[in-house]
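So the structure is just underneath, and the comments pick up after that.
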Amino acid sequence: MPLNLLTKRGSRSCMETRNSFFSSTAFSCRQLLFLLCFTLGSLVHAQKSISVKYVDNDDFIIDGVLDEAMWAEAVPTSGFTEYFPTDSKQAEYQTEMRMMYNEGFLYIAVKGYAPGKNYRTPSYERDFSISGADIVNLMFDTYSDRTNAFLFGINPFGVEREGVIYRGGVTGDLDLNWNTKWKGESQIYDGYFISEIKIPMSAFKFKAGTTTWKFSAMRSDTQSNTKSSWSRVPQNQNQLNIGYFGDMIFEKPLQRSRNPISLIPYVTPSYLNEHYKGEKSFEFKAGFDAKIPIKSSLMLDLTVLPDFSSDDVVSGTNNVTQFEIKQDETRLFFIDNGDLFNGFGNTDNALPFYSRRVGFAKDSLGADVVVPLTVGAKFTGKINNKLRIGVLDVQTEDDKGEDIPSNNNLVIAAEQKIFNKSNISMFFINREATNFNEESTGTKYNRVAGTDFNFFSKDNSIDGRAFFHKSFTPGIDSDAISAGTDLNVEKRDYSLGFTTQYVDNGFVSDLGYLKRVDILRANPSVKYNLYPKSDAINTIIFNASYNGYWKASGGNDLSEGYTALGAEVNFTSGALLSLTANKNYEYLYTPFDPVGAKGKGEPVPVGGYDTVDFDLDFNTDRRKAFWMEGTATYGSFYTGDKFSADVKFQYRYQPLFYVSLQIQYDDIKLPEPYSSGQIWYVGPTLNVTFSKTLFFNTDVQYSSQSDSFLLVSRLQWRYAPLSDVFLTYTDTDRTSPFVPVERGVFLKVTYWLDIVRKNRG
């Protein structure tokens, strides 16, 4: 039977109190009701804690069967509170946890009750997506600073995931590309499942001698369609928010753990047919990555001749705007602890450091060219409980054919905690050409320095940011400033936001992401949340915003203005439907052809344009085998009209495979003599799970805008923990007319070797 410990404790406590009071004096019913509410409220909102028992031995078999005698001695904890569809009651199907530890390992047992055995998982692949799937996530803030936390997840099938929560988890920031060795297994029983977990203490970073970590757990149960948290989280906040963690109390002070040195060598034989050059080649590359712990809280990462042939494929997209579209980073060297370097400035419009710039350069025509990385080093970690530092240095090769010099790319960052959860951070970025000459493209160097202040209130209802950055580039003598503020208020019934920004015309960051320069920006926004008493509808959200950009120089004329008014309905099934009306203004300072290179008419001329359009967004129940999500937009567009649709379909045959299809369509209709046209992007994906160690994935991307076809097929065999063999086939073609561009076959073998160092006596 599912447990409901909180209700039972509350009832027993109130009964004892009532008998005591009646034996001495008479109390009114109103006073009893007040006492009952006070007692229950105290139990619900009190800081939760779990006791972790010390165990002398390692006699655990991790199999999802709790038959070791030590488990009976561990103190259980339960009392999970619902997060979805409501956040005001105990979860009907509870989750129990037990923990034990010694100098080498942390042991965790999870028992999750459920209506039946119909659990869901998209695949058996590690770091699986939890959308529409069953999962228990265990989260550890080992420094209790409410800034970063380690996450370990497991589902009823024993599939594992691990990651790092950063920026306090306030907006759900989670990096699943962090890897470490640990073990977990699950077994499914009638009415519940059990997961048994063994995590090396060396997987964590913590201060020796401590007896308390901050901790929480969250669970998604697809059968009862609920999400719950061990430490209660209001529904208007993210479940990853570290501010709501409880306490994890160890029986004995923790001893310093000697983290192993990890060496990850690779070899990559490859065959490449470059049709556009008429050349065929066979190459053999080798390199390595290394992770060298410095004490227990600092890490030195090295990469020598890195190879990214096995990394995830970056999704393509149509682009009918004036601006570059920011893409996610997929290269592991830049992702691990990447929040320390990538988190400065405004993520939508002015990032001083954007790691995807490293490894790319501009040729003499301004086009992006890939340049290989030769060596990189990254030093990150905590000096003490409040100071976090990072140094990233990567050397790239030159390209003499394109007159691109080799460059050293250096980023130094520091983050100092202040108040309860806030911090002040500083950075310095230096991109410097190491063999610059008069024919080289770009400038000899570009430097950016700045500071950010990030504020988080104690009750997690207010967060804000203020930043000031300055760049230094040869030939630019202006102020070259980028600055801004951001303030957000999150309450259960409403949220308010206000963003301001200034970017000087002379501000340049070669390693950054800048959509606009020479701007003043103001972006107020408001949301109002309704929680109807309905079995079908969970929340209704009304929202309004204005996003305005004015030219900073001259007369501060309006460059862009976007007014939005919308409503969003979230259903208890997990489905979503929203409609937004947009009134826009955009001034073109240079002629622009939204159709792109395929445009056969004249570009839209310089001038101001008022438009109105409507956005429809939706997604269906992701727990179903077949689900879809997307957005559709229709309205005026410059001097004409535009209809756009971006829809993704996915079908899952659990757990063997899933297939997805992303379709983007833009139908641009402008009067003559301007360009009109239909633009397509089609991206099917097939993912096959043969076992927990053997996977096959194929991505196909077709874009009519760039007349390109890309196919990447990859077979992955995880033959040892965090050690893989990848066999990858790539095919790139032009499509109008069809012309092969490049085809290649890559075999990559990696091995993760841990060199264990003994503790000094």
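If you're wondering about the labels, chains in the structure tokens are A, B, ... by order shown, residues count from 1 in each chain, ligands from 1 in order shown.
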> as a PyMOL selection string, which residues of range 279-502 of chain A does DSSP assign to strand (DSSP E)?
Replying inline: chain A and resi 279-294+298-304+350-351+360-362+368-370+373-382+387-396+407-418+422-433+445-456+462-472+481-490+494-502
>> Which of range 256-392 of chain A end up as alpha helix (DSSP H) when DSSP is run on this backbone - answer as a PyMOL selection string?
In response: chain A and resi 332-335+339-342
May I have the selected residues written with N, CA, C and O atoms, as a PDB file, in the first residue's frame?
ATOM      1  N   LEU A 332      31.680  18.204 -25.707  1.00  0.00           N
ATOM      2  CA  LEU A 332      31.732  17.944 -24.274  1.00  0.00           C
ATOM      3  C   LEU A 332      32.779  18.792 -23.559  1.00  0.00           C
ATOM      4  O   LEU A 332      32.577  19.195 -22.413  1.00  0.00           O
ATOM      5  N   PHE A 333      33.890  19.080 -24.203  1.00  0.00           N
ATOM      6  CA  PHE A 333      34.936  19.842 -23.526  1.00  0.00           C
ATOM      7  C   PHE A 333      34.425  21.210 -23.094  1.00  0.00           C
ATOM      8  O   PHE A 333      34.790  21.727 -22.042  1.00  0.00           O
ATOM      9  N   PHE A 334      33.559  21.810 -23.896  1.00  0.00           N
ATOM     10  CA  PHE A 334      33.045  23.139 -23.581  1.00  0.00           C
ATOM     11  C   PHE A 334      31.816  23.094 -22.675  1.00  0.00           C
ATOM     12  O   PHE A 334      31.471  24.092 -22.045  1.00  0.00           O
ATOM     13  N   ILE A 335      31.154  21.950 -22.600  1.00  0.00           N
ATOM     14  CA  ILE A 335      29.910  21.875 -21.831  1.00  0.00           C
ATOM     15  C   ILE A 335      30.176  21.710 -20.345  1.00  0.00           C
ATOM     16  O   ILE A 335      29.521  22.344 -19.511  1.00  0.00           O
ATOM     17  N   ASP A 339      28.678  26.675 -17.619  1.00  0.00           N
ATOM     18  CA  ASP A 339      27.877  27.791 -17.099  1.00  0.00           C
ATOM     19  C   ASP A 339      28.744  28.897 -16.524  1.00  0.00           C
ATOM     20  O   ASP A 339      28.348  30.062 -16.503  1.00  0.00           O
ATOM     21  N   LEU A 340      29.946  28.540 -16.057  1.00  0.00           N
ATOM     22  CA  LEU A 340      30.830  29.540 -15.470  1.00  0.00           C
ATOM     23  C   LEU A 340      31.347  30.514 -16.522  1.00  0.00           C
ATOM     24  O   LEU A 340      31.659  31.670 -16.221  1.00  0.00           O
ATOM     25  N   PHE A 341      31.423  30.076 -17.791  1.00  0.00           N
ATOM     26  CA  PHE A 341      31.954  30.917 -18.860  1.00  0.00           C
ATOM     27  C   PHE A 341      30.851  31.488 -19.758  1.00  0.00           C
ATOM     28  O   PHE A 341      30.979  32.597 -20.264  1.00  0.00           O
ATOM     29  N   ASN A 342      29.791  30.734 -19.967  1.00  0.00           N
ATOM     30  CA  ASN A 342      28.748  31.124 -20.913  1.00  0.00           C
ATOM     31  C   ASN A 342      27.610  31.922 -20.287  1.00  0.00           C
ATOM     32  O   ASN A 342      26.670  32.303 -20.990  1.00  0.00           O
TER      33      ASN A 342
END
> Could you pull the residues within 8 Å of range 53-64 of chain A, counting only C-alpha atoms, minus those fewer than 6 positions along the same chain, as a PyMOL selection string?
Replying inline: chain A and resi 70+73-75+99-102+183-187+194-198+250-252
If you keep N, CA and C atoms, can you produce a file of those selected residues as a short mmCIF file (atom, residue, chain, number, x, y, z; two decimals), in the first residue's frame?
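So selection_17.cif came out as:
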data_model
loop_
_atom_site.label_atom_id
_atom_site.label_comp_id
_atom_site.auth_asym_id
_atom_site.auth_seq_id
_atom_site.Cartn_x
_atom_site.Cartn_y
_atom_site.Cartn_z
N MET A 70 21.91 -4.58 6.00
CA MET A 70 22.18 -3.18 6.34
C MET A 70 21.02 -2.26 6.01
N GLU A 73 18.63 -1.25 8.72
CA GLU A 73 19.10 -0.30 9.72
C GLU A 73 19.01 1.15 9.25
N ALA A 74 18.85 1.37 7.93
CA ALA A 74 18.78 2.73 7.41
C ALA A 74 17.43 3.35 7.74
N VAL A 75 17.45 4.66 8.03
CA VAL A 75 16.22 5.36 8.40
C VAL A 75 15.49 5.78 7.13
N MET A 99 19.27 5.90 2.82
CA MET A 99 20.65 6.21 2.43
C MET A 99 21.62 5.71 3.49
N MET A 100 22.77 5.23 3.02
CA MET A 100 23.90 4.86 3.86
C MET A 100 25.19 5.25 3.14
N TYR A 101 26.29 5.32 3.88
CA TYR A 101 27.54 5.76 3.27
C TYR A 101 28.73 5.23 4.06
N ASN A 102 29.87 5.27 3.41
CA ASN A 102 31.16 5.10 4.08
C ASN A 102 32.16 5.99 3.35
N LYS A 183 26.72 3.28 -10.35
CA LYS A 183 25.97 2.09 -10.71
C LYS A 183 24.57 2.15 -10.11
N GLY A 184 23.59 1.77 -10.90
CA GLY A 184 22.21 1.69 -10.43
C GLY A 184 21.45 0.60 -11.16
N GLU A 185 20.61 -0.11 -10.43
CA GLU A 185 19.76 -1.16 -11.02
C GLU A 185 18.37 -1.05 -10.42
N SER A 186 17.37 -1.49 -11.19
CA SER A 186 15.98 -1.43 -10.74
C SER A 186 15.29 -2.76 -10.98
N GLN A 187 14.27 -3.01 -10.15
CA GLN A 187 13.41 -4.18 -10.31
C GLN A 187 11.96 -3.71 -10.17
N ILE A 194 11.74 -0.85 -7.21
CA ILE A 194 12.86 -0.54 -6.32
C ILE A 194 14.09 -0.26 -7.17
N SER A 195 14.75 0.85 -6.86
CA SER A 195 16.03 1.19 -7.49
C SER A 195 17.11 1.20 -6.41
N GLU A 196 18.22 0.56 -6.70
CA GLU A 196 19.34 0.49 -5.78
C GLU A 196 20.54 1.16 -6.44
N ILE A 197 21.19 2.09 -5.73
CA ILE A 197 22.19 2.97 -6.34
C ILE A 197 23.45 2.98 -5.49
N LYS A 198 24.60 3.02 -6.17
CA LYS A 198 25.91 3.09 -5.53
C LYS A 198 26.73 4.16 -6.24
N PHE A 250 24.63 13.50 7.71
CA PHE A 250 25.48 12.33 7.82
C PHE A 250 25.75 12.00 9.29
N GLU A 251 25.84 10.71 9.58
CA GLU A 251 26.05 10.27 10.96
C GLU A 251 27.44 10.67 11.46
N LYS A 252 28.44 10.64 10.57
CA LYS A 252 29.81 11.03 10.92
C LYS A 252 30.32 12.06 9.92
#
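Once range 525-537 of chain A and its same-chain neighbours fewer than 4 positions away are set aside, Asp493, Tyr494, Ser495, Leu496, Gly497, Ile541, Phe542, Asn543, Ala544, Ser545, Phe571 and Thr572 of chain A remain within 6 Å of it when counting only C-alpha atoms.
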Take the selection from the previous step and output its residues with all heavy atoms, as an mmCIF file, in the first residue's frame.
data_model
loop_
_atom_site.group_PDB
_atom_site.id
_atom_site.type_symbol
_atom_site.label_atom_id
_atom_site.label_comp_id
_atom_site.auth_asym_id
_atom_site.auth_seq_id
_atom_site.Cartn_x
_atom_site.Cartn_y
_atom_site.Cartn_z
ATOM 1 N N ASP A 493 0.453 33.587 -8.133
ATOM 2 C CA ASP A 493 -0.624 34.062 -8.997
ATOM 3 C C ASP A 493 -0.149 34.953 -10.133
ATOM 4 O O ASP A 493 -0.903 35.193 -11.070
ATOM 5 C CB ASP A 493 -1.666 34.814 -8.167
ATOM 6 C CG ASP A 493 -2.382 33.907 -7.178
ATOM 7 O OD1 ASP A 493 -2.521 32.711 -7.485
ATOM 8 O OD2 ASP A 493 -2.785 34.398 -6.112
ATOM 9 N N TYR A 494 1.062 35.470 -10.055
ATOM 10 C CA TYR A 494 1.523 36.378 -11.105
ATOM 11 C C TYR A 494 3.046 36.400 -11.149
ATOM 12 O O TYR A 494 3.723 35.977 -10.211
ATOM 13 C CB TYR A 494 0.994 37.797 -10.879
ATOM 14 C CG TYR A 494 1.560 38.470 -9.650
ATOM 15 C CD1 TYR A 494 2.728 39.232 -9.709
ATOM 16 C CD2 TYR A 494 0.943 38.337 -8.407
ATOM 17 C CE1 TYR A 494 3.267 39.845 -8.585
ATOM 18 C CE2 TYR A 494 1.462 38.941 -7.271
ATOM 19 C CZ TYR A 494 2.620 39.699 -7.380
ATOM 20 O OH TYR A 494 3.152 40.289 -6.264
ATOM 21 N N SER A 495 3.565 36.930 -12.240
ATOM 22 C CA SER A 495 4.999 37.172 -12.367
ATOM 23 C C SER A 495 5.204 38.450 -13.163
ATOM 24 O O SER A 495 4.422 38.777 -14.063
ATOM 25 C CB SER A 495 5.710 35.997 -13.044
ATOM 26 O OG SER A 495 5.243 35.813 -14.362
ATOM 27 N N LEU A 496 6.257 39.175 -12.793
ATOM 28 C CA LEU A 496 6.595 40.428 -13.440
ATOM 29 C C LEU A 496 8.051 40.378 -13.895
ATOM 30 O O LEU A 496 8.899 39.783 -13.226
ATOM 31 C CB LEU A 496 6.418 41.605 -12.473
ATOM 32 C CG LEU A 496 5.036 41.783 -11.835
ATOM 33 C CD1 LEU A 496 5.092 42.862 -10.762
ATOM 34 C CD2 LEU A 496 3.998 42.132 -12.887
ATOM 35 N N GLY A 497 8.333 40.976 -15.026
ATOM 36 C CA GLY A 497 9.697 41.026 -15.515
ATOM 37 C C GLY A 497 10.001 42.357 -16.159
ATOM 38 O O GLY A 497 9.123 42.989 -16.759
ATOM 39 N N ILE A 541 -2.797 30.797 -18.128
ATOM 40 C CA ILE A 541 -1.827 31.870 -17.944
ATOM 41 C C ILE A 541 -2.096 32.959 -18.980
ATOM 42 O O ILE A 541 -2.110 32.691 -20.191
ATOM 43 C CB ILE A 541 -0.387 31.356 -18.092
ATOM 44 C CG1 ILE A 541 -0.111 30.233 -17.082
ATOM 45 C CG2 ILE A 541 0.616 32.492 -17.906
ATOM 46 C CD1 ILE A 541 1.236 29.563 -17.267
ATOM 47 N N PHE A 542 -2.320 34.176 -18.505
ATOM 48 C CA PHE A 542 -2.450 35.329 -19.380
ATOM 49 C C PHE A 542 -1.133 36.109 -19.333
ATOM 50 O O PHE A 542 -0.567 36.314 -18.255
ATOM 51 C CB PHE A 542 -3.608 36.227 -18.925
ATOM 52 C CG PHE A 542 -4.947 35.555 -18.971
ATOM 53 C CD1 PHE A 542 -5.501 35.008 -17.822
ATOM 54 C CD2 PHE A 542 -5.660 35.456 -20.160
ATOM 55 C CE1 PHE A 542 -6.733 34.378 -17.851
ATOM 56 C CE2 PHE A 542 -6.894 34.829 -20.199
ATOM 57 C CZ PHE A 542 -7.437 34.290 -19.047
ATOM 58 N N ASN A 543 -0.644 36.547 -20.498
ATOM 59 C CA ASN A 543 0.644 37.223 -20.527
ATOM 60 C C ASN A 543 0.618 38.408 -21.478
ATOM 61 O O ASN A 543 -0.120 38.414 -22.477
ATOM 62 C CB ASN A 543 1.767 36.248 -20.905
ATOM 63 C CG ASN A 543 1.516 35.579 -22.251
ATOM 64 O OD1 ASN A 543 1.746 36.180 -23.300
ATOM 65 N ND2 ASN A 543 1.042 34.337 -22.221
ATOM 66 N N ALA A 544 1.415 39.399 -21.155
ATOM 67 C CA ALA A 544 1.558 40.585 -21.995
ATOM 68 C C ALA A 544 2.995 41.079 -21.888
ATOM 69 O O ALA A 544 3.608 40.998 -20.820
ATOM 70 C CB ALA A 544 0.585 41.679 -21.567
ATOM 71 N N SER A 545 3.529 41.590 -22.986
ATOM 72 C CA SER A 545 4.905 42.085 -22.967
ATOM 73 C C SER A 545 5.119 43.105 -24.074
ATOM 74 O O SER A 545 4.370 43.144 -25.068
ATOM 75 C CB SER A 545 5.902 40.930 -23.131
ATOM 76 O OG SER A 545 5.787 40.351 -24.423
ATOM 77 N N PHE A 571 -3.110 21.680 -19.684
ATOM 78 C CA PHE A 571 -4.056 20.641 -19.310
ATOM 79 C C PHE A 571 -3.412 19.655 -18.339
ATOM 80 O O PHE A 571 -2.186 19.494 -18.311
ATOM 81 C CB PHE A 571 -4.557 19.914 -20.558
ATOM 82 C CG PHE A 571 -5.303 20.809 -21.521
ATOM 83 C CD1 PHE A 571 -4.632 21.473 -22.529
ATOM 84 C CD2 PHE A 571 -6.666 20.997 -21.387
ATOM 85 C CE1 PHE A 571 -5.303 22.301 -23.412
ATOM 86 C CE2 PHE A 571 -7.355 21.824 -22.264
ATOM 87 C CZ PHE A 571 -6.672 22.478 -23.273
ATOM 88 N N THR A 572 -4.231 19.000 -17.540
ATOM 89 C CA THR A 572 -3.714 18.032 -16.574
ATOM 90 C C THR A 572 -3.078 16.831 -17.261
ATOM 91 O O THR A 572 -2.289 16.114 -16.659
ATOM 92 C CB THR A 572 -4.833 17.557 -15.641
ATOM 93 O OG1 THR A 572 -5.935 17.077 -16.421
ATOM 94 C CG2 THR A 572 -5.321 18.692 -14.748
#
> Which residues, written as a ChimeraX atom specification, have at least one atom at most 12 Å from Arg734 in chain A, with only C-alpha atoms counted and residues fewer than 5 positions away on the same chain left out?
Replying inline: /A:275-276,701-710,739-742
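Between Phe746 in chain A and the candidates A:Phe204, A:Trp178, A:Tyr609, A:Tyr729, the tightest atom-to-atom separation, counting only C-alpha atoms, involves A:Tyr729.
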> Excluding same-chain residues fewer than 4 positions from range 447-457 of chain A, what lies within 7 Å of it counting only C-alpha atoms, as a PyMOL selection string?
Replying inline: chain A and resi 344+421-431+461-473+509
Mind dumping the selected residues with N, CA and C atoms as a short mmCIF file (atom, residue, chain, number, x, y, z; two decimals), in the first residue's frame?
data_model
loop_
_atom_site.label_atom_id
_atom_site.label_comp_id
_atom_site.auth_asym_id
_atom_site.auth_seq_id
_atom_site.Cartn_x
_atom_site.Cartn_y
_atom_site.Cartn_z
N PHE A 344 27.44 34.94 -18.78
CA PHE A 344 27.52 36.38 -18.60
C PHE A 344 26.61 37.11 -19.58
N LYS A 421 22.11 33.71 -1.46
CA LYS A 421 22.23 32.91 -2.68
C LYS A 421 22.82 33.70 -3.85
N SER A 422 23.05 35.00 -3.68
CA SER A 422 23.46 35.87 -4.78
C SER A 422 24.96 35.76 -5.03
N ASN A 423 25.42 36.38 -6.12
CA ASN A 423 26.84 36.34 -6.43
C ASN A 423 27.24 37.51 -7.30
N ILE A 424 28.51 37.85 -7.23
CA ILE A 424 29.15 38.80 -8.14
C ILE A 424 30.18 38.03 -8.94
N SER A 425 30.15 38.18 -10.25
CA SER A 425 31.10 37.46 -11.10
C SER A 425 31.84 38.43 -12.00
N MET A 426 33.06 38.06 -12.36
CA MET A 426 33.91 38.88 -13.23
C MET A 426 34.55 37.98 -14.27
N PHE A 427 34.89 38.57 -15.43
CA PHE A 427 35.52 37.77 -16.48
C PHE A 427 36.47 38.63 -17.30
N PHE A 428 37.36 37.93 -17.99
CA PHE A 428 38.25 38.55 -18.97
C PHE A 428 38.38 37.58 -20.14
N ILE A 429 38.14 38.08 -21.36
CA ILE A 429 38.21 37.27 -22.58
C ILE A 429 39.28 37.86 -23.49
N ASN A 430 40.13 37.01 -24.03
CA ASN A 430 41.19 37.47 -24.93
C ASN A 430 41.31 36.51 -26.11
N ARG A 431 40.95 37.02 -27.30
CA ARG A 431 41.19 36.27 -28.53
C ARG A 431 42.34 36.96 -29.24
N SER A 461 11.43 34.19 -4.72
CA SER A 461 10.38 34.89 -5.46
C SER A 461 10.92 36.03 -6.32
N ILE A 462 12.16 36.47 -6.08
CA ILE A 462 12.74 37.58 -6.83
C ILE A 462 14.14 37.20 -7.29
N ASP A 463 14.42 37.44 -8.55
CA ASP A 463 15.79 37.30 -9.04
C ASP A 463 16.08 38.43 -10.01
N GLY A 464 17.33 38.81 -10.07
CA GLY A 464 17.70 39.93 -10.93
C GLY A 464 19.15 39.85 -11.35
N ARG A 465 19.49 40.68 -12.30
CA ARG A 465 20.85 40.71 -12.82
C ARG A 465 21.18 42.13 -13.28
N ALA A 466 22.43 42.51 -13.08
CA ALA A 466 22.97 43.75 -13.64
C ALA A 466 24.37 43.45 -14.15
N PHE A 467 24.71 43.95 -15.34
CA PHE A 467 26.03 43.66 -15.89
C PHE A 467 26.60 44.87 -16.61
N PHE A 468 27.93 44.92 -16.66
CA PHE A 468 28.66 45.98 -17.35
C PHE A 468 29.88 45.36 -18.01
N HIS A 469 29.97 45.45 -19.35
CA HIS A 469 31.06 44.84 -20.10
C HIS A 469 31.69 45.88 -21.02
N LYS A 470 32.98 45.75 -21.27
CA LYS A 470 33.69 46.66 -22.17
C LYS A 470 34.64 45.85 -23.06
N SER A 471 34.66 46.19 -24.34
CA SER A 471 35.54 45.49 -25.28
C SER A 471 36.68 46.39 -25.72
N PHE A 472 37.78 45.75 -26.17
CA PHE A 472 38.98 46.46 -26.63
C PHE A 472 39.40 45.81 -27.95
N THR A 473 39.32 46.60 -29.03
CA THR A 473 39.60 46.09 -30.37
C THR A 473 40.43 47.11 -31.13
N SER A 509 32.70 41.51 -29.63
CA SER A 509 33.18 40.31 -28.94
C SER A 509 33.29 39.19 -29.97
#
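Remark: for Pro265 in chain A, the closest of the candidate residues A:Phe690, A:Tyr719, A:Phe288, A:Tyr665 is A:Phe288 (distances computed over only C-alpha atoms).
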> For Gln678 in chain A, which residue out of A:Lys111, A:Lys551, A:Arg356, A:Lys642 is the nearest one, using only C-alpha atoms?
Replying inline: A:Lys642
> Leaving out range 618-634 of chain A and any residue of its chain fewer than 3 positions from it, which residues lie within 7 Å of it when counting only C-alpha atoms, given as number ranges by chain?
Replying inline: A: 131-133, 222, 573-578, 613-615, 642-653
